[in-house]
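Engineer: Structure: my_file.txt, compact mmCIF, C-alpha atoms.
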# COMPACT_ATOMS: atom_id res chain seq x y z
CA MET A 51 26.20 -62.01 101.67
CA ILE A 52 23.20 -60.89 103.75
CA ALA A 53 20.90 -61.89 100.88
CA ILE A 54 22.37 -65.43 100.89
CA LEU A 55 21.88 -65.62 104.66
CA GLU A 56 18.28 -64.45 104.37
CA ALA A 57 17.45 -66.81 101.51
CA GLY A 58 19.18 -69.69 103.31
CA ILE A 59 17.27 -69.28 106.56
CA LEU A 60 13.97 -68.90 104.68
CA ILE A 61 14.61 -72.18 102.86
CA PHE A 62 15.51 -73.90 106.16
CA VAL A 63 12.29 -72.59 107.75
CA ALA A 64 10.25 -73.88 104.79
CA LEU A 65 11.95 -77.31 105.00
CA ALA A 66 11.47 -77.53 108.77
CA GLY A 67 7.82 -76.49 108.45
CA THR A 68 7.28 -79.29 105.93
CA ALA A 69 9.09 -81.71 108.24
CA VAL A 70 6.69 -80.80 111.09
CA VAL A 71 3.70 -81.61 108.89
CA LEU A 72 5.21 -84.84 107.56
CA THR A 73 6.09 -86.16 111.04
CA ARG A 74 3.10 -88.29 111.98
CA ASP A 75 4.05 -89.46 115.47
CA ALA A 76 2.88 -86.82 117.97
CA VAL A 77 5.80 -87.13 120.41
CA ALA A 78 8.36 -86.93 117.60
CA GLN A 79 6.41 -83.99 116.18
CA ALA A 80 6.82 -82.09 119.46
CA ILE A 81 10.60 -82.41 119.10
CA VAL A 82 10.52 -81.39 115.42
CA VAL A 83 8.33 -78.36 116.21
CA SER A 84 10.90 -77.34 118.82
CA PHE A 85 13.62 -77.39 116.16
CA TYR A 86 11.32 -75.46 113.82
CA GLY A 87 10.76 -72.87 116.57
CA LEU A 88 14.50 -72.44 116.97
CA LEU A 89 14.91 -71.91 113.20
CA LEU A 90 12.09 -69.33 113.23
CA GLY A 91 13.94 -67.53 116.03
CA ILE A 92 17.13 -67.44 113.96
CA MET A 93 15.08 -66.16 111.01
CA PHE A 94 13.71 -63.26 113.07
CA PHE A 95 17.26 -62.50 114.20
CA VAL A 96 18.59 -62.51 110.63
CA PHE A 97 15.76 -60.13 109.64
CA GLN A 98 16.86 -57.77 112.43
CA ALA A 99 14.11 -58.35 114.98
CA PRO A 100 16.08 -59.47 118.07
CA ASP A 101 13.18 -58.84 120.50
CA VAL A 102 10.84 -61.09 118.56
CA ALA A 103 13.66 -63.63 118.10
CA LEU A 104 14.09 -63.90 121.88
CA SER A 105 10.35 -64.41 122.40
CA GLN A 106 10.23 -66.95 119.59
CA ILE A 107 13.17 -68.98 120.92
CA THR A 108 11.80 -69.10 124.47
CA VAL A 109 8.19 -69.80 123.47
CA GLY A 110 8.63 -71.77 120.23
CA ALA A 111 11.59 -73.90 121.21
CA VAL A 112 10.89 -74.39 124.93
CA ALA A 113 7.38 -73.56 126.16
CA LEU A 114 5.29 -74.85 123.24
CA PRO A 115 6.96 -78.32 122.91
CA LEU A 116 6.85 -78.65 126.71
CA MET A 117 3.11 -77.96 126.80
CA ILE A 118 2.52 -80.38 123.90
CA LEU A 119 4.51 -83.14 125.64
CA LEU A 120 2.69 -82.58 128.94
CA ALA A 121 -0.69 -82.61 127.19
CA LEU A 122 0.25 -85.83 125.33
CA ALA A 123 1.27 -87.49 128.59
CA ARG A 124 -2.07 -86.41 130.07
CA VAL A 125 -4.04 -87.86 127.13
CA LYS A 126 -2.06 -91.10 127.27
CA LYS A 127 -2.79 -91.47 130.98
CA HIS A 128 -6.49 -90.90 130.32
CA GLU A 129 -6.51 -93.59 127.59
CA ASN A 130 -4.78 -96.04 129.94
CA ASP A 131 -7.38 -95.36 132.62
CA GLN A 132 -10.19 -96.06 130.16
CA THR A 133 -8.83 -99.43 129.01
CA ASP A 134 -8.06 -100.72 132.52
CA MET L 156 -15.00 -88.62 102.11
CA THR L 157 -13.57 -90.66 99.25
CA ARG L 158 -10.09 -90.14 97.87
CA PRO L 159 -11.03 -88.38 94.55
CA ILE L 160 -13.22 -85.88 96.46
CA ARG L 161 -10.41 -85.23 98.91
CA THR L 162 -7.93 -84.65 96.07
CA LEU L 163 -10.37 -82.32 94.32
CA PHE L 164 -10.97 -80.49 97.61
CA PHE L 165 -7.19 -80.10 98.07
CA PHE L 166 -6.61 -78.69 94.58
CA VAL L 167 -9.51 -76.19 94.88
CA SER L 168 -8.30 -74.92 98.27
CA ALA L 169 -4.66 -74.86 97.12
CA ALA L 170 -5.65 -72.75 94.09
CA LEU L 171 -7.65 -70.36 96.29
CA LEU L 172 -4.75 -70.10 98.74
CA ALA L 173 -2.30 -69.40 95.92
CA LEU L 174 -4.61 -66.66 94.59
CA ALA L 175 -4.95 -65.10 98.08
CA PHE L 176 -1.17 -65.24 98.51
CA TRP L 177 -0.56 -63.59 95.16
CA LEU L 178 -3.11 -60.85 95.87
CA SER L 179 -1.62 -60.09 99.28
CA TYR L 180 2.05 -60.23 98.32
CA SER L 181 2.08 -58.70 94.83
CA ASP L 182 2.17 -55.06 96.00
CA LEU L 183 4.14 -55.61 99.19
CA ALA L 184 7.07 -53.23 99.68
CA PRO L 185 10.52 -54.75 99.01
CA LEU L 186 12.31 -56.31 101.96
CA GLY L 187 13.96 -53.77 104.26
CA ARG L 188 12.15 -50.77 102.77
CA ASN L 189 10.53 -48.74 105.53
CA THR L 190 7.05 -47.66 104.47
CA SER L 191 5.80 -46.32 107.79
CA ALA L 192 6.67 -43.00 109.38
CA TYR L 193 5.96 -44.52 112.78
CA GLY L 194 9.25 -46.47 112.96
CA ASP L 195 11.44 -43.42 112.36
CA LEU L 196 9.36 -41.39 114.79
CA VAL L 197 9.72 -43.98 117.54
CA ASN L 198 13.46 -44.33 116.93
CA SER L 199 13.89 -40.57 117.19
CA ILE L 200 11.99 -40.09 120.47
CA THR L 201 12.79 -43.11 122.67
CA VAL L 202 16.22 -41.95 123.83
CA PRO L 203 15.59 -38.20 124.27
CA GLN L 204 12.05 -38.47 125.65
CA ARG L 205 12.10 -41.78 127.52
CA HIS L 206 15.82 -42.56 128.17
CA ILE L 207 15.18 -46.06 126.76
CA THR L 208 17.64 -47.57 124.27
CA ASP L 209 15.48 -50.51 123.17
CA ALA L 210 12.77 -48.99 120.99
CA VAL L 211 10.65 -52.17 121.02
CA THR L 212 10.42 -52.14 124.82
CA ALA L 213 9.62 -48.40 124.74
CA VAL L 214 6.71 -49.08 122.38
CA ASN L 215 5.45 -52.12 124.30
CA PHE L 216 5.57 -50.84 127.85
CA ASP L 217 5.26 -47.10 127.44
CA ILE L 218 4.00 -45.70 124.14
CA ARG L 219 1.30 -48.38 123.81
CA GLY L 220 1.56 -49.67 127.38
CA PHE L 221 -2.21 -50.09 127.68
CA ASP L 222 -2.29 -52.61 124.79
CA THR L 223 0.42 -54.67 126.45
CA LEU L 224 -1.66 -54.72 129.63
CA GLY L 225 -4.33 -56.54 127.61
CA GLU L 226 -1.74 -58.91 126.14
CA GLU L 227 -0.41 -59.75 129.58
CA PHE L 228 -3.91 -60.63 130.72
CA ILE L 229 -4.34 -62.94 127.71
CA LEU L 230 -1.51 -65.02 129.20
CA PHE L 231 -2.99 -64.65 132.69
CA ALA L 232 -6.39 -65.86 131.45
CA SER L 233 -4.78 -68.82 129.61
CA VAL L 234 -2.94 -69.92 132.75
CA LEU L 235 -6.15 -69.50 134.75
CA GLY L 236 -7.99 -71.61 132.16
CA VAL L 237 -5.42 -74.42 132.34
CA VAL L 238 -5.54 -74.39 136.14
CA LEU L 239 -9.36 -74.50 136.11
CA LEU L 240 -9.55 -77.31 133.54
CA MET L 241 -6.92 -79.38 135.32
CA ARG L 242 -8.23 -78.86 138.86
CA ARG L 243 -8.87 -81.92 140.97
CA ARG L 244 -12.34 -82.86 142.10
CA SER L 245 -12.76 -82.67 145.84
CA ASP L 246 -13.54 -86.40 146.02
CA ASP L 247 -10.36 -87.18 144.07
CA PRO L 248 -7.65 -87.95 146.62
CA MET L 249 -4.53 -85.88 146.25
CA GLY L 250 -2.26 -88.85 146.78
CA ASP L 251 1.32 -88.43 147.86
CA HIS L 252 2.48 -87.30 144.43
CA GLU L 253 4.27 -90.44 143.40
CA ASP L 254 4.64 -90.79 139.66
CA LYS L 255 2.54 -93.88 138.98
CA ALA L 256 0.93 -93.16 135.62
CA ARG L 257 0.42 -96.56 134.01
CA GLY L 258 2.31 -97.29 130.82
CA ARG L 259 4.82 -94.58 131.60
CA ILE L 260 8.05 -95.82 133.07
CA VAL L 261 9.84 -92.97 134.77
CA PRO L 262 13.42 -93.89 135.51
CA TYR L 263 15.36 -91.83 138.00
CA PRO L 264 17.35 -89.34 135.88
CA SER L 265 20.83 -90.49 134.91
CA ASP L 266 23.90 -88.79 136.35
CA ALA L 267 24.60 -87.15 132.98
CA VAL L 268 21.13 -85.53 132.91
CA ARG L 269 21.37 -84.46 136.54
CA VAL L 270 24.83 -82.91 136.22
CA THR L 271 23.92 -81.07 133.00
CA ALA L 272 20.63 -79.78 134.40
CA LEU L 273 22.17 -78.63 137.69
CA LEU L 274 25.09 -76.96 135.90
CA LEU L 275 22.65 -75.05 133.66
CA LEU L 276 20.29 -74.12 136.49
CA SER L 277 22.06 -71.15 138.06
CA PRO L 278 23.22 -69.64 134.71
CA MET L 279 19.56 -69.79 133.57
CA VAL L 280 18.39 -67.92 136.68
CA LEU L 281 21.11 -65.31 136.17
CA PHE L 282 20.39 -65.00 132.44
CA GLY L 283 16.64 -64.69 133.07
CA LEU L 284 17.17 -61.94 135.65
CA TYR L 285 19.57 -60.22 133.23
CA ILE L 286 17.02 -60.26 130.39
CA VAL L 287 14.23 -59.00 132.69
CA SER L 288 16.29 -56.21 134.25
CA HIS L 289 17.84 -55.03 130.96
CA GLY L 290 14.50 -54.75 129.16
CA GLN L 291 14.85 -51.01 128.59
CA LEU L 292 18.47 -51.30 127.44
CA THR L 293 18.80 -54.34 125.18
CA PRO L 294 16.43 -56.68 123.29
CA GLY L 295 14.30 -58.71 125.63
CA GLY L 296 12.32 -57.72 128.69
CA GLY L 297 9.82 -59.06 131.18
CA PHE L 298 8.16 -61.55 128.88
CA GLN L 299 11.27 -63.14 127.37
CA GLY L 300 13.17 -63.07 130.68
CA GLY L 301 10.15 -64.54 132.47
CA VAL L 302 10.08 -67.57 130.19
CA VAL L 303 13.86 -68.02 130.59
CA LEU L 304 13.42 -67.86 134.39
CA SER L 305 10.67 -70.48 134.30
CA THR L 306 13.07 -72.95 132.64
CA ALA L 307 15.13 -73.08 135.86
CA PRO L 308 12.46 -75.02 137.84
CA LEU L 309 11.96 -77.17 134.72
CA LEU L 310 15.68 -78.05 134.74
CA PHE L 311 15.36 -78.84 138.44
CA TYR L 312 12.46 -81.19 137.62
CA LEU L 313 14.57 -82.93 134.96
CA ALA L 314 17.29 -83.51 137.56
CA SER L 315 14.97 -84.73 140.31
CA THR L 316 11.46 -86.09 140.88
CA TYR L 317 8.02 -84.52 141.05
CA PRO L 318 7.80 -84.35 144.88
CA GLN L 319 11.14 -82.55 144.98
CA PHE L 320 10.03 -80.22 142.17
CA ARG L 321 6.85 -79.45 144.10
CA ALA L 322 8.87 -78.79 147.24
CA VAL L 323 10.96 -76.04 145.59
CA THR L 324 7.94 -74.48 143.83
CA PRO L 325 5.11 -74.49 146.41
CA PRO L 326 1.88 -73.98 144.38
CA ARG L 327 0.49 -71.40 146.86
CA LEU L 328 3.63 -69.28 146.54
CA ILE L 329 3.63 -69.54 142.73
CA GLU L 330 -0.07 -68.60 142.58
CA ALA L 331 0.63 -65.58 144.80
CA ALA L 332 3.60 -64.56 142.60
CA GLU L 333 1.41 -64.86 139.50
CA ALA L 334 -1.27 -62.64 141.02
CA VAL L 335 1.22 -60.06 142.34
CA GLY L 336 3.00 -59.90 138.97
CA ALA L 337 -0.23 -59.44 137.04
CA SER L 338 -1.63 -56.80 139.39
CA ALA L 339 1.70 -54.92 139.51
CA TYR L 340 1.04 -53.66 135.96
CA ILE L 341 -2.32 -52.14 136.94
CA PHE L 342 -0.88 -50.91 140.23
CA ILE L 343 1.93 -49.05 138.42
CA GLY L 344 -0.67 -47.53 136.09
CA GLY L 345 -2.61 -46.39 139.14
CA VAL L 346 0.51 -44.89 140.73
CA CYS L 347 1.02 -42.86 137.55
CA MET L 348 -2.51 -41.49 137.96
CA ALA L 349 -1.92 -40.74 141.65
CA LEU L 350 1.19 -38.77 140.67
CA GLY L 351 -0.92 -36.59 138.40
CA GLY L 352 -0.47 -38.29 135.02
CA GLN L 353 -2.71 -40.45 132.85
CA PHE L 354 -3.04 -44.22 133.36
CA LEU L 355 0.44 -45.71 132.62
CA GLU L 356 1.84 -42.32 131.62
CA ASN L 357 5.57 -42.39 132.31
CA VAL L 358 5.71 -39.82 135.12
CA LEU L 359 8.49 -41.37 137.21
CA PRO L 360 12.06 -39.96 137.06
CA LEU L 361 13.66 -41.24 133.85
CA GLY L 362 17.19 -41.71 135.20
CA LYS L 363 20.42 -41.72 133.21
CA THR L 364 20.16 -43.32 129.76
CA GLY L 365 21.90 -46.70 129.62
CA THR L 366 21.66 -47.56 133.31
CA LEU L 367 19.55 -50.23 135.04
CA VAL L 368 17.28 -47.68 136.74
CA SER L 369 16.50 -45.68 133.59
CA GLY L 370 13.20 -45.59 131.75
CA GLY L 371 10.92 -44.65 134.66
CA THR L 372 7.88 -46.95 134.83
CA VAL L 373 9.20 -49.25 132.08
CA ALA L 374 11.85 -50.89 134.30
CA LEU L 375 9.25 -51.53 137.02
CA ILE L 376 6.65 -52.91 134.59
CA ASP L 377 9.35 -55.24 133.18
CA LEU L 378 9.94 -56.66 136.68
CA GLY L 379 6.20 -57.21 137.22
CA VAL L 380 5.72 -58.87 133.83
CA GLY L 381 8.81 -61.04 134.45
CA LEU L 382 7.31 -62.27 137.73
CA GLU L 383 3.89 -62.88 136.15
CA VAL L 384 5.21 -64.77 133.12
CA SER L 385 7.68 -66.97 135.00
CA ALA L 386 5.11 -67.81 137.70
CA GLY L 387 2.48 -68.49 135.02
CA PHE L 388 4.64 -71.02 133.18
CA VAL L 389 5.74 -72.75 136.40
CA LEU L 390 2.08 -72.93 137.50
CA MET L 391 1.11 -74.59 134.21
CA MET L 392 3.91 -77.16 134.62
CA LEU L 393 2.76 -77.82 138.19
CA VAL L 394 -0.88 -78.49 137.29
CA TYR L 395 -0.02 -80.62 134.26
CA LEU L 396 2.44 -82.74 136.23
CA GLU L 397 0.03 -82.97 139.17
CA GLU L 398 -2.51 -84.43 136.74
CA LEU L 399 -0.09 -87.19 135.78
CA MET L 400 0.41 -88.26 139.36
CA GLU L 401 -1.84 -90.86 140.82
CA ALA L 402 -2.72 -91.66 144.39
CA LYS L 403 -0.28 -94.20 145.74
CA GLU L 404 -2.01 -97.54 146.15
CA GLN L 405 -2.48 -98.38 149.80
Starting from the coordinates I provided, produce the structure as structure tokens.

Structural biologist:
Amino acid sequence: MIAILEAGILIFVALAGTAVVLTRDAVAQAIVVSFYGLLLGIMFFVFQAPDVALSQITVGAVALPLMILLALARVKKHENDQTD
Amino acid sequence: MTRPIRTLFFFVSAALLALAFWLSYSDLAPLGRNTSAYGDLVNSITVPQRHITDAVTAVNFDIRGFDTLGEEFILFASVLGVVLLMRRRSDDPMGDHEDKARGRIVPYPSDAVRVTALLLLSPMVLFGLYIVSHGQLTPGGGFQGGVVLSTAPLLFYLASTYPQFRAVTPPRLIEAAEAVGASAYIFIGGVCMALGGQFLENVLPLGKTGTLVSGGTVALIDLGVGLEVSAGFVLMMLVYLEELMEAKEQ
């Protein structure tokens, strides 16, 4: 039972990782990477590392996508300023 | 670079990566097999010697507390770097913080978003404080709880506008909180020395195992780190969002 759970979450992580790479639009990628971060958190939890899982969920699923989105908005603003 | 060269490049690097993977993983211990004596040792001493039930926190903030001090300052330096890179030039008018970035239409948040965000806000504050204060008892601690706490102002931003967000998180206050949180770690280490121990040696009373005030210095360090991390993330949001604002046209 545990083995199935472990194998299952590993496969999901691999699929989500591939999905992050295959997503070409940067804004969409930020959302996909958030989902990937959440899956990584669940993986750490399944492999009995709850402390790391908590860090991963907060950083990978919240802080990292937020920083990416903010940076993208900043770059977009800069590009608009250049063309005007 | 033409396509055949790129394909060749890919296959060469993929083969090298596969070889490196095979070399590193072939003699790895099976999953779940403990190969280090350190884990058992830590598990056997944290409760009797430190009155801490979460072994990971005991390692991070006590047994190798000095390493974590360095890690905390990695985050501090990153936040400082973002603030420095994003700072406004003195000849750049501050504006009145109206969201006017061109090509970015910012509608006032819908009622559904506002209600959801405001409903989640106070549970997030409570949950963050719970994670920070229970660092020595259950998984989590200052770092995790700090990030959870910093999502509360973010939820407030989602439910309101930038000027309102800035009003509830005054940058000066957040900067001060960041500095106090970061220096608290060193200060606690210094207090340990003043009380006759080594730097960051757990010399404070350990308290009763399983209570909020157990663990001696660990509980205090958790609070400091929680403050530093939450303030750091809020500060980064503030400077990024500030960058997106433009001076209101006169």

Engineer: Which chain L residues have any atom within 9 Å of an atom of chain A, and for each, what is the nearest pair of atoms with distance in Å to one decimal, counting all atoms listed in the file, rows sorted by chain and number, as a Markdown table?

Structural biologist:
| residue | atom | partner | partner_atom | distance |
| --- | --- | --- | --- | --- |
| L:Gly187 | CA | A:Phe97 | CA | 8.5 |
| L:Val211 | CA | A:Asp101 | CA | 7.2 |
| L:Thr212 | CA | A:Asp101 | CA | 8.4 |
| L:Ala256 | CA | A:Lys127 | CA | 6.2 |
| L:Arg257 | CA | A:Asn130 | CA | 6.6 |
| L:Gly258 | CA | A:Asn130 | CA | 7.3 |
| L:Arg259 | CA | A:Lys127 | CA | 8.2 |
| L:Thr293 | CA | A:Asp101 | CA | 8.6 |
| L:Pro294 | CA | A:Asp101 | CA | 4.8 |
| L:Gly295 | CA | A:Asp101 | CA | 5.3 |
| L:Gly296 | CA | A:Asp101 | CA | 8.3 |
| L:Phe298 | CA | A:Ser105 | CA | 7.4 |
| L:Gln299 | CA | A:Ser105 | CA | 5.2 |
| L:Gly300 | CA | A:Thr108 | CA | 8.8 |
| L:Val302 | CA | A:Thr108 | CA | 6.2 |
| L:Val303 | CA | A:Thr108 | CA | 6.5 |
| L:Thr306 | CA | A:Val112 | CA | 8.1 |
| L:Phe388 | CA | A:Ala113 | CA | 8.0 |
| L:Met391 | CA | A:Met117 | CA | 8.4 |
| L:Met392 | CA | A:Met117 | CA | 7.9 |
| L:Tyr395 | CA | A:Leu120 | CA | 6.3 |
| L:Leu396 | CA | A:Leu120 | CA | 7.3 |
| L:Glu398 | CA | A:Arg124 | CA | 7.0 |
| L:Leu399 | CA | A:Arg124 | CA | 6.1 |

Engineer: By how many Å are atom CA of Ile376 of chain L and atom CA of Gln204 of chain L apart?

Structural biologist: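 Computed distance, atom CA of Ile376 of chain L to atom CA of Gln204 of chain L, equals 17.8 Å.
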
Engineer: Between atom CA of Phe311 of chain L and atom CA of Leu276 of chain L, what is the spacing in Å?

Structural biologist: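 Rounded to one decimal, the two atoms are 7.1 Å apart.
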
Engineer: Interatomic distance between atom CA of Gly379 of chain L and atom CA of Ala331 of chain L?

Structural biologist: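 Interatomic distance here is 12.6 Å.
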
Engineer: Might you pull out every residue within 12 Å of segment 81-84 of chain A, with all atoms listed in the file counted and same-chain residues fewer than 6 positions away left off, and present them as JSON, numbers by chain?

Structural biologist: {"A": [63, 65, 66, 67, 68, 69, 70, 71, 72, 73, 74, 75, 90, 91, 106, 107, 108, 109, 110, 111, 112, 113, 114, 115, 116, 117, 118, 119]}

Engineer: Could you tell me which of A:Val77, A:Glu56, A:Met51, A:Leu88 comes closest to Leu186 of chain L if we count all atoms listed in the file?

Structural biologist: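 The shortest atom-to-atom distance to Leu186 of chain L comes from A:Glu56.
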
Engineer: Of the residues L:Pro308, L:Gly381, L:Gly336, L:Gly290, which is the one nearest to Ile207 of chain L, using all atoms listed in the file?

Structural biologist: L:Gly290

Engineer: Find the spatial neighbours of Ser199 of chain L, counting all atoms listed in the file, within a cut-off of 12 Å - ignore same-chain residues fewer than 5 positions away - and output them as a ChimeraX atom specification.

Structural biologist: /L:192-194,204-210,213

Engineer: Using all atoms listed in the file, determine which residues lie at most 12 Å from Phe231 of chain L, disregarding the query and same-chain residues fewer than 3 positions distant; provide the list as a ChimeraX atom specification.

Structural biologist: /L:224-228,234-238,330,332-338,380,382-388,390-391

Engineer: Please, could you write that set of residues out with C-alpha atoms as a PDB file, in the coordinates of the input?

Structural biologist:
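Printed below is result27.pdb as written:
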ATOM      1  CA  LEU L 224      -1.660 -54.720 129.630  1.00  0.00           C
ATOM      2  CA  GLY L 225      -4.330 -56.540 127.610  1.00  0.00           C
ATOM      3  CA  GLU L 226      -1.740 -58.910 126.140  1.00  0.00           C
ATOM      4  CA  GLU L 227      -0.410 -59.750 129.580  1.00  0.00           C
ATOM      5  CA  PHE L 228      -3.910 -60.630 130.720  1.00  0.00           C
ATOM      6  CA  VAL L 234      -2.940 -69.920 132.750  1.00  0.00           C
ATOM      7  CA  LEU L 235      -6.150 -69.500 134.750  1.00  0.00           C
ATOM      8  CA  GLY L 236      -7.990 -71.610 132.160  1.00  0.00           C
ATOM      9  CA  VAL L 237      -5.420 -74.420 132.340  1.00  0.00           C
ATOM     10  CA  VAL L 238      -5.540 -74.390 136.140  1.00  0.00           C
ATOM     11  CA  GLU L 330      -0.070 -68.600 142.580  1.00  0.00           C
ATOM     12  CA  ALA L 332       3.600 -64.560 142.600  1.00  0.00           C
ATOM     13  CA  GLU L 333       1.410 -64.860 139.500  1.00  0.00           C
ATOM     14  CA  ALA L 334      -1.270 -62.640 141.020  1.00  0.00           C
ATOM     15  CA  VAL L 335       1.220 -60.060 142.340  1.00  0.00           C
ATOM     16  CA  GLY L 336       3.000 -59.900 138.970  1.00  0.00           C
ATOM     17  CA  ALA L 337      -0.230 -59.440 137.040  1.00  0.00           C
ATOM     18  CA  SER L 338      -1.630 -56.800 139.390  1.00  0.00           C
ATOM     19  CA  VAL L 380       5.720 -58.870 133.830  1.00  0.00           C
ATOM     20  CA  LEU L 382       7.310 -62.270 137.730  1.00  0.00           C
ATOM     21  CA  GLU L 383       3.890 -62.880 136.150  1.00  0.00           C
ATOM     22  CA  VAL L 384       5.210 -64.770 133.120  1.00  0.00           C
ATOM     23  CA  SER L 385       7.680 -66.970 135.000  1.00  0.00           C
ATOM     24  CA  ALA L 386       5.110 -67.810 137.700  1.00  0.00           C
ATOM     25  CA  GLY L 387       2.480 -68.490 135.020  1.00  0.00           C
ATOM     26  CA  PHE L 388       4.640 -71.020 133.180  1.00  0.00           C
ATOM     27  CA  LEU L 390       2.080 -72.930 137.500  1.00  0.00           C
ATOM     28  CA  MET L 391       1.110 -74.590 134.210  1.00  0.00           C
TER      29      MET L 391
END

Engineer: Would you mind completing segment 174-191 of chain L to N, CA and C atoms and writing the output as a compact mmCIF listing (two decimals), keeping the file's coordinate frame?

Structural biologist:
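Ended up saving to out_13.txt:
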# COMPACT_ATOMS: atom_id res chain seq x y z
N LEU L 174 -4.04 -67.93 95.06
CA LEU L 174 -4.61 -66.66 94.59
C LEU L 174 -4.55 -65.61 95.72
N ALA L 175 -4.96 -66.03 96.93
CA ALA L 175 -4.95 -65.10 98.08
C ALA L 175 -3.53 -64.63 98.37
N PHE L 176 -2.57 -65.58 98.29
CA PHE L 176 -1.17 -65.24 98.51
C PHE L 176 -0.70 -64.21 97.49
N TRP L 177 -1.02 -64.48 96.23
CA TRP L 177 -0.56 -63.59 95.16
C TRP L 177 -1.16 -62.20 95.34
N LEU L 178 -2.46 -62.14 95.68
CA LEU L 178 -3.11 -60.85 95.87
C LEU L 178 -2.49 -60.08 97.03
N SER L 179 -2.14 -60.80 98.12
CA SER L 179 -1.62 -60.09 99.28
C SER L 179 -0.16 -59.69 99.12
N TYR L 180 0.62 -60.49 98.38
CA TYR L 180 2.05 -60.23 98.32
C TYR L 180 2.50 -59.44 97.10
N SER L 181 1.61 -59.29 96.08
CA SER L 181 2.08 -58.70 94.83
C SER L 181 2.49 -57.23 94.99
N ASP L 182 1.77 -56.47 95.86
CA ASP L 182 2.17 -55.06 96.00
C ASP L 182 2.78 -54.77 97.36
N LEU L 183 3.43 -55.79 97.93
CA LEU L 183 4.14 -55.61 99.19
C LEU L 183 5.45 -54.86 98.93
N ALA L 184 5.82 -53.98 99.85
CA ALA L 184 7.07 -53.23 99.68
C ALA L 184 8.26 -54.18 99.71
N PRO L 185 9.35 -53.87 99.00
CA PRO L 185 10.52 -54.75 99.01
C PRO L 185 11.08 -54.90 100.43
N LEU L 186 11.76 -56.01 100.64
CA LEU L 186 12.31 -56.31 101.96
C LEU L 186 13.25 -55.20 102.44
N GLY L 187 13.06 -54.76 103.68
CA GLY L 187 13.96 -53.77 104.26
C GLY L 187 13.58 -52.34 103.96
N ARG L 188 12.60 -52.13 103.08
CA ARG L 188 12.15 -50.77 102.77
C ARG L 188 11.15 -50.34 103.82
N ASN L 189 11.43 -49.22 104.49
CA ASN L 189 10.53 -48.74 105.53
C ASN L 189 9.41 -47.92 104.90
N THR L 190 8.16 -48.38 105.08
CA THR L 190 7.05 -47.66 104.47
C THR L 190 6.25 -46.87 105.49
N SER L 191 6.60 -47.00 106.79
CA SER L 191 5.80 -46.32 107.79
C SER L 191 6.62 -45.23 108.48
